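Have a look at target.csv; it's CSV, C-alpha atoms:
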```
chain,number,residue,atom,x,y,z
A,18,MET,CA,111.1,44.9,246.3
A,19,HIS,CA,110.6,47.0,243.3
A,20,SER,CA,109.3,45.4,240.2
A,21,ALA,CA,111.6,45.3,237.1
A,22,LYS,CA,111.0,48.0,234.5
A,23,ASN,CA,111.4,47.4,230.7
A,24,VAL,CA,114.5,49.4,230.0
A,25,ARG,CA,116.2,49.1,226.6
A,26,LEU,CA,119.9,49.1,227.0
A,27,PRO,CA,122.1,50.2,224.1
A,28,ASP,CA,123.4,47.4,222.0
A,29,PRO,CA,127.2,47.5,222.2
A,30,LEU,CA,127.4,46.0,218.7
A,31,LYS,CA,125.1,48.5,217.0
A,32,GLN,CA,126.4,51.7,218.7
A,33,PRO,CA,129.8,51.9,217.0
A,34,GLN,CA,128.1,51.4,213.6
A,35,ALA,CA,125.7,54.3,214.3
A,36,GLY,CA,128.6,56.4,215.3
A,37,ALA,CA,130.6,55.5,212.2
A,38,ALA,CA,127.7,56.4,210.0
A,39,ALA,CA,127.2,59.7,211.7
A,40,PHE,CA,130.9,60.4,211.3
A,41,PHE,CA,130.8,59.5,207.6
A,42,ILE,CA,127.8,61.8,207.0
A,43,CYS,CA,129.5,64.7,208.8
A,44,THR,CA,132.7,64.2,206.9
A,45,LEU,CA,130.8,64.0,203.6
A,46,LEU,CA,129.0,67.2,204.3
A,47,LEU,CA,132.2,68.9,205.3
A,48,THR,CA,133.9,67.8,202.2
A,49,ILE,CA,131.1,69.0,200.0
A,50,GLY,CA,131.2,72.3,201.8
A,51,VAL,CA,134.9,72.6,201.3
A,52,LEU,CA,134.6,71.7,197.6
A,53,THR,CA,131.8,74.2,197.1
A,54,ALA,CA,133.8,76.9,198.8
A,55,SER,CA,136.8,76.0,196.7
A,56,LEU,CA,134.8,76.2,193.5
A,57,LYS,CA,133.4,79.6,194.5
A,58,ALA,CA,136.9,80.8,195.3
A,59,GLN,CA,138.1,79.8,191.8
A,60,ASP,CA,135.6,82.2,190.3
A,61,LYS,CA,138.2,84.8,191.2
A,62,ASN,CA,141.9,84.7,190.5
A,63,PRO,CA,143.6,83.7,193.8
A,64,LEU,CA,146.8,85.5,192.6
A,65,ALA,CA,145.1,88.8,191.7
A,66,GLY,CA,147.1,91.8,192.5
A,67,ASP,CA,150.4,89.9,192.9
A,68,PRO,CA,153.1,91.5,190.7
A,69,LYS,CA,155.3,88.4,191.0
A,70,ALA,CA,152.5,86.2,189.7
A,71,ALA,CA,152.0,88.6,186.8
A,72,LYS,CA,155.7,88.4,186.0
A,73,LEU,CA,155.7,84.6,186.1
A,74,GLY,CA,152.6,84.7,183.9
A,75,GLU,CA,154.4,86.8,181.3
A,76,PHE,CA,157.0,84.0,180.9
A,77,GLU,CA,154.2,81.4,180.6
A,78,PHE,CA,152.3,83.6,178.1
A,79,ARG,CA,155.4,83.9,175.9
A,80,ALA,CA,155.9,80.1,175.9
A,81,ASN,CA,152.3,79.1,175.4
A,82,CYS,CA,150.2,81.9,174.1
A,83,ALA,CA,152.3,84.5,172.2
A,84,PHE,CA,152.6,82.4,169.1
A,85,CYS,CA,148.9,83.2,168.4
A,86,HIS,CA,148.2,86.3,170.5
A,87,GLY,CA,151.5,88.1,169.8
A,88,LEU,CA,154.1,89.5,172.2
A,89,GLY,CA,152.4,91.8,174.7
A,90,ALA,CA,149.1,90.0,174.2
A,91,ARG,CA,148.1,92.6,171.5
A,92,GLY,CA,146.9,90.1,169.0
A,93,GLY,CA,148.4,88.0,166.3
A,94,GLY,CA,147.6,86.1,163.2
A,95,ARG,CA,145.2,83.7,164.8
A,96,GLY,CA,144.5,85.1,168.3
A,97,PRO,CA,142.7,88.2,169.4
A,98,ASP,CA,144.1,91.3,171.2
A,99,LEU,CA,143.8,90.3,174.9
A,100,THR,CA,144.7,93.8,176.2
A,101,ARG,CA,141.1,94.9,175.4
A,102,ALA,CA,138.7,95.0,178.3
A,103,LYS,CA,136.0,93.2,176.3
A,104,LYS,CA,136.7,89.6,175.6
A,105,ARG,CA,134.7,87.7,173.0
A,106,HIS,CA,134.4,84.5,175.1
A,107,GLY,CA,133.8,86.2,178.5
A,108,GLY,CA,136.0,88.6,180.5
A,109,SER,CA,135.7,87.3,184.1
A,110,ASP,CA,138.5,85.4,185.8
A,111,ALA,CA,136.5,82.2,185.6
A,112,ASP,CA,135.8,82.8,181.8
A,113,LEU,CA,139.4,83.3,181.1
A,114,PHE,CA,140.4,80.3,183.1
A,115,ARG,CA,137.9,78.1,181.2
A,116,THR,CA,139.0,79.5,177.8
A,117,ILE,CA,142.6,78.8,178.5
A,118,ASN,CA,142.1,75.4,180.1
A,119,GLU,CA,139.4,74.0,177.8
A,120,GLY,CA,139.9,76.0,174.6
A,121,VAL,CA,137.1,77.2,172.4
A,122,PRO,CA,135.6,74.5,170.1
A,123,GLY,CA,135.4,75.5,166.5
A,124,THR,CA,138.2,78.1,166.7
A,125,ALA,CA,142.0,78.0,166.6
A,126,MET,CA,142.1,78.2,170.5
A,127,PRO,CA,143.1,74.7,171.6
A,128,PRO,CA,142.7,73.2,175.1
A,129,ASN,CA,145.6,73.6,177.6
A,130,GLY,CA,148.6,71.4,176.6
A,131,ALA,CA,146.9,70.1,173.4
A,132,THR,CA,149.6,71.4,171.0
A,133,GLN,CA,153.3,71.2,170.6
A,134,GLN,CA,153.6,74.9,171.1
A,135,GLY,CA,154.7,75.4,174.8
A,136,VAL,CA,153.7,72.8,177.4
A,137,GLY,CA,150.6,72.1,179.5
A,138,MET,CA,150.2,74.5,182.3
A,139,THR,CA,149.2,73.8,185.9
A,140,GLU,CA,146.2,75.5,187.5
A,141,GLU,CA,148.5,77.9,189.3
A,142,GLU,CA,150.3,78.7,186.1
A,143,ILE,CA,147.0,79.5,184.3
A,144,TRP,CA,146.1,81.9,187.1
A,145,GLN,CA,149.6,83.5,186.6
A,146,VAL,CA,148.8,84.0,182.9
A,147,ILE,CA,145.5,85.6,183.9
A,148,SER,CA,147.4,87.9,186.3
A,149,TYR,CA,149.7,88.9,183.4
A,150,ILE,CA,146.7,89.5,181.1
A,151,ARG,CA,145.1,91.7,183.7
A,152,SER,CA,148.4,93.7,184.1
A,153,VAL,CA,148.4,94.6,180.4
A,154,GLU,CA,144.7,95.0,180.0
A,155,LYS,CA,143.2,98.4,179.3
A,156,LYS,CA,140.6,99.5,181.8
A,157,ALA,CA,138.1,100.2,179.1
A,158,ASP,CA,138.1,99.8,175.3
A,159,ALA,CA,138.7,103.1,173.6
A,160,ALA,CA,135.7,104.4,171.7
A,161,ALA,CA,136.2,104.1,167.9
A,162,ILE,CA,137.1,107.4,166.4
A,163,GLY,CA,135.4,107.7,163.1
A,164,ASN,CA,132.2,107.0,161.2
A,165,ALA,CA,131.8,103.3,160.8
A,166,ALA,CA,128.9,103.7,158.3
A,167,HIS,CA,131.1,105.9,156.0
A,168,GLY,CA,134.0,103.5,156.5
A,169,LYS,CA,131.9,100.7,155.2
A,170,GLU,CA,131.0,102.7,152.1
A,171,LEU,CA,134.7,103.4,151.5
A,172,PHE,CA,135.7,99.8,152.1
A,173,ASN,CA,133.2,98.6,149.5
A,174,GLY,CA,133.5,101.6,147.2
A,175,THR,CA,136.2,104.1,146.4
A,176,ALA,CA,138.9,102.6,148.6
A,177,GLY,CA,138.4,99.3,146.8
A,178,CYS,CA,139.3,97.2,149.8
A,179,ASN,CA,136.6,94.6,149.1
A,180,THR,CA,138.2,93.7,145.7
A,181,CYS,CA,140.9,91.8,147.6
A,182,HIS,CA,139.6,91.4,151.1
A,183,MET,CA,136.6,89.5,152.4
A,184,ILE,CA,134.3,90.5,155.3
A,185,GLN,CA,131.7,88.1,156.6
A,186,GLY,CA,131.8,86.0,153.4
A,187,LYS,CA,131.6,88.9,150.9
A,188,GLY,CA,134.5,90.3,148.9
A,189,GLY,CA,137.8,89.3,147.4
A,190,ARG,CA,140.0,86.3,148.2
A,191,ILE,CA,143.5,87.3,147.3
A,192,GLY,CA,144.1,89.1,150.5
A,193,PRO,CA,143.4,88.1,154.2
A,194,ASP,CA,139.9,87.8,155.4
A,195,LEU,CA,139.3,90.9,157.6
A,196,SER,CA,136.2,89.8,159.4
A,197,ALA,CA,138.0,89.5,162.7
A,198,THR,CA,140.7,92.1,162.2
A,199,GLY,CA,138.9,94.6,164.4
A,200,SER,CA,139.1,92.2,167.4
A,201,THR,CA,142.5,90.7,166.7
A,202,ARG,CA,144.5,93.7,165.8
A,203,SER,CA,145.2,97.0,167.5
A,204,THR,CA,144.2,100.3,166.0
A,205,ASP,CA,147.8,101.2,165.4
A,206,TYR,CA,148.4,97.9,163.6
A,207,ILE,CA,145.5,98.5,161.3
A,208,VAL,CA,146.6,102.0,160.5
A,209,GLU,CA,150.1,100.9,159.7
A,210,SER,CA,148.9,98.0,157.5
A,211,LEU,CA,147.0,100.5,155.4
A,212,ARG,CA,149.7,103.2,155.2
A,213,SER,CA,152.7,100.8,154.8
A,214,PRO,CA,151.3,97.3,153.8
A,215,SER,CA,154.7,95.9,153.0
A,216,ARG,CA,156.4,96.8,156.2
A,217,ARG,CA,155.5,93.8,158.4
A,218,LEU,CA,155.4,91.4,155.5
A,219,ALA,CA,159.0,92.4,154.7
A,220,GLN,CA,160.1,91.5,158.2
A,221,GLY,CA,159.2,87.8,157.5
A,222,ILE,CA,156.8,85.7,159.5
A,223,SER,CA,158.6,82.3,159.8
A,224,GLU,CA,160.5,83.7,162.9
A,225,PRO,CA,159.3,82.8,166.4
A,226,MET,CA,156.2,84.6,167.6
A,227,LYS,CA,155.1,85.3,164.1
A,228,GLU,CA,152.2,87.7,163.7
A,229,PHE,CA,150.8,86.3,160.4
A,230,SER,CA,148.8,83.2,159.9
A,231,GLN,CA,149.8,83.2,156.2
A,232,GLU,CA,152.6,84.9,154.4
A,233,TYR,CA,150.9,86.4,151.4
A,234,GLU,CA,154.1,86.7,149.5
A,235,THR,CA,154.0,88.2,146.1
A,236,VAL,CA,155.0,85.9,143.2
A,237,LYS,CA,155.7,86.8,139.6
A,238,VAL,CA,155.8,84.0,137.0
A,239,GLU,CA,156.6,83.9,133.3
A,240,THR,CA,155.8,80.8,131.3
A,241,ALA,CA,157.9,79.3,128.5
A,242,ASP,CA,155.6,80.8,125.9
A,243,GLY,CA,155.9,84.3,127.5
A,244,GLN,CA,152.7,84.5,129.5
A,245,LYS,CA,153.1,86.6,132.7
A,246,PHE,CA,151.2,86.2,136.0
A,247,MET,CA,151.4,88.0,139.3
A,248,GLY,CA,149.6,87.2,142.5
A,249,ALA,CA,149.9,85.6,145.9
A,250,LEU,CA,151.8,82.5,146.7
A,251,LEU,CA,149.6,79.6,147.9
A,252,ASN,CA,151.9,76.6,148.0
A,253,GLU,CA,155.4,75.7,146.9
A,254,ASP,CA,157.7,72.7,147.0
A,255,HIS,CA,161.0,71.9,145.2
A,256,PHE,CA,159.3,71.1,141.9
A,257,THR,CA,156.0,73.1,141.7
A,258,VAL,CA,154.4,76.4,142.7
A,259,GLN,CA,150.8,77.2,143.2
A,260,MET,CA,149.6,80.8,143.1
A,261,MET,CA,146.4,82.9,142.9
A,262,ASP,CA,146.7,85.7,140.4
A,263,THR,CA,145.1,89.2,140.7
A,264,ARG,CA,142.0,88.0,139.0
A,265,GLU,CA,141.7,85.2,141.7
A,266,GLN,CA,142.5,82.5,139.2
A,267,ILE,CA,144.5,79.6,140.7
A,268,HIS,CA,147.5,78.3,138.8
A,269,LEU,CA,149.9,75.3,139.3
A,270,PHE,CA,153.2,75.5,137.5
A,271,GLU,CA,156.1,73.1,137.2
A,272,LYS,CA,159.2,75.1,138.0
A,273,ASP,CA,161.5,73.6,135.4
A,274,LYS,CA,159.1,74.6,132.7
A,275,LEU,CA,159.0,78.3,133.7
A,276,ARG,CA,161.1,81.0,132.0
A,277,SER,CA,161.2,83.0,135.3
A,278,PHE,CA,159.9,82.7,138.8
A,279,GLU,CA,160.3,85.4,141.4
A,280,LYS,CA,159.1,85.8,145.0
A,281,SER,CA,159.1,89.0,147.0
A,282,ARG,CA,157.8,90.4,150.3
A,283,GLU,CA,156.5,93.5,148.5
A,284,SER,CA,152.8,93.4,149.2
A,285,LEU,CA,150.3,93.4,146.4
A,286,MET,CA,148.2,95.8,148.4
A,287,PRO,CA,148.8,99.5,147.5
A,288,ALA,CA,150.0,101.9,150.1
A,289,TYR,CA,147.1,104.1,151.1
A,290,ASP,CA,148.9,107.5,151.6
A,291,GLN,CA,147.0,110.6,152.5
A,292,LYS,CA,146.3,111.5,148.9
A,293,THR,CA,144.6,108.2,148.4
A,294,LEU,CA,142.9,108.0,151.8
A,295,SER,CA,142.8,111.1,154.0
A,296,ASP,CA,143.3,110.8,157.8
A,297,LYS,CA,139.6,111.2,158.3
A,298,ASP,CA,138.6,108.5,155.8
A,299,LEU,CA,141.3,106.3,157.3
A,300,GLN,CA,139.7,106.7,160.7
A,301,ASP,CA,136.3,105.8,159.2
A,302,VAL,CA,137.6,102.6,157.7
A,303,VAL,CA,139.3,101.6,161.0
A,304,ALA,CA,136.0,102.3,162.8
A,305,TYR,CA,134.2,100.0,160.4
A,306,LEU,CA,136.7,97.2,160.9
A,307,LEU,CA,136.5,97.6,164.7
A,308,ALA,CA,132.7,97.6,164.5
A,309,VAL,CA,132.7,94.3,162.5
A,310,GLY,CA,135.2,92.8,164.8
A,311,ALA,CA,133.0,93.5,167.8
A,312,GLN,CA,130.1,91.6,166.4
```
Could I get this file's structure written as structure tokens?
Amino acid sequence: MHSAKNVRLPDPLKQPQAGAAAFFICTLLLTIGVLTASLKAQDKNPLAGDPKAAKLGEFEFRANCAFCHGLGARGGGRGPDLTRAKKRHGGSDADLFRTINEGVPGTAMPPNGATQQGVGMTEEEIWQVISYIRSVEKKADAAAIGNAAHGKELFNGTAGCNTCHMIQGKGGRIGPDLSATGSTRSTDYIVESLRSPSRRLAQGISEPMKEFSQEYETVKVETADGQKFMGALLNEDHFTVQMMDTREQIHLFEKDKLRSFEKSRESLMPAYDQKTLSDKDLQDVVAYLLAVGAQ
């Protein structure tokens, strides 16, 4: 007879537990791998190059984004020109997705679905919007034509722009702050605003897809004792009107005590024709605004 050997037989109760643990670990590793791959895939737009996605994205853009960024994504009163290749908050697909979905703290860019303008977008719809932005995006930003240094001299000197407009905390207050104009407006828009400043203001800005964050309507007031004031309208209700005059003094009037009160969409800003500002000087001023906006 052979002597018995010490052989350890598998415990039928422990074996299933070990198998279950191994299965759980494998499943967990597989899940982590899939999630990691998914996250990496989302660094790129999964709908890139799909013309149908870009078309759907245009509709989403009009509903959710054009109010600030303008029709055609060329910039508006509060949002920058998105057709430019260089984006202030990052130009990769992942950067654009994050900006649209999470917003930009400290700016007018809200998180996805956080306002009453439009509705919250799904992940797929955000990628569609990015597809649309890519479809209208210029391949490279055009080099500024003009001398920015000379443009700065004109802005703060003979052109007199700084008497009404502020850049980076310096300048006048009666007109819009132009610090971000170079990044939010197209070159054509800036040129037109200098040559024909009343044109867009006359169109009105309370309509859908407005392009101005403020109206800057001109107001003329004559008080009961004959004093006359002209400036920019700040606030108005049924009974009172608040304005800033051309000397940047703020006034509050009761309407029923005024001799006359008139509003118009004729801009306080003078039209810079070619006699006032040559084409070359105009290009220099535009170059300066573009340079400031790129900072």
Coordinates-based distance that separates CA of Arg105 in chain A from CA of Ala65 in chain A (Å, one decimal)
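Interatomic distance here is 21.4 Å.
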For the point (149.4, 99.7, 148.0) in file coordinates, what residues are within 9 Å, counting all atoms listed in the file? Give the answer as a ChimeraX atom specification?
/A:211-215,284-290
What is the distance, in Å and to one decimal place, between CA of Thr293 in chain A and CA of Val309 in chain A?
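Distance between the two atoms: 23.1 Å.
Shortest separation to Leu306 in chain A among A:Cys85, A:Met126, A:Ala166, A:Ala80 occurs at residue A:Ala166, atoms counted being only C-alpha atoms.
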Taking into account only C-alpha atoms, which residue in the set A:His167, A:Asp110, A:His268, A:Cys82 is nearest to Ala125 in chain A?
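Among the listed residues, the smallest separation from Ala125 in chain A belongs to A:Cys82.
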Find the residues near Lys297 in chain A: any atom within 10 Å, counting all atoms listed in the file, skip ones fewer than 3 places away on the same chain, and give them as a list of chain:residue names.
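The residues that qualify are A:Ile162, A:Gly163, A:Asn164, A:Gly168, A:Gln291, A:Leu294, A:Gln300, A:Asp301, A:Val302, A:Val303.
The interatomic distance for the pair CA of Met261 in chain A and CA of Asp98 in chain A works out to 29.6 Å.
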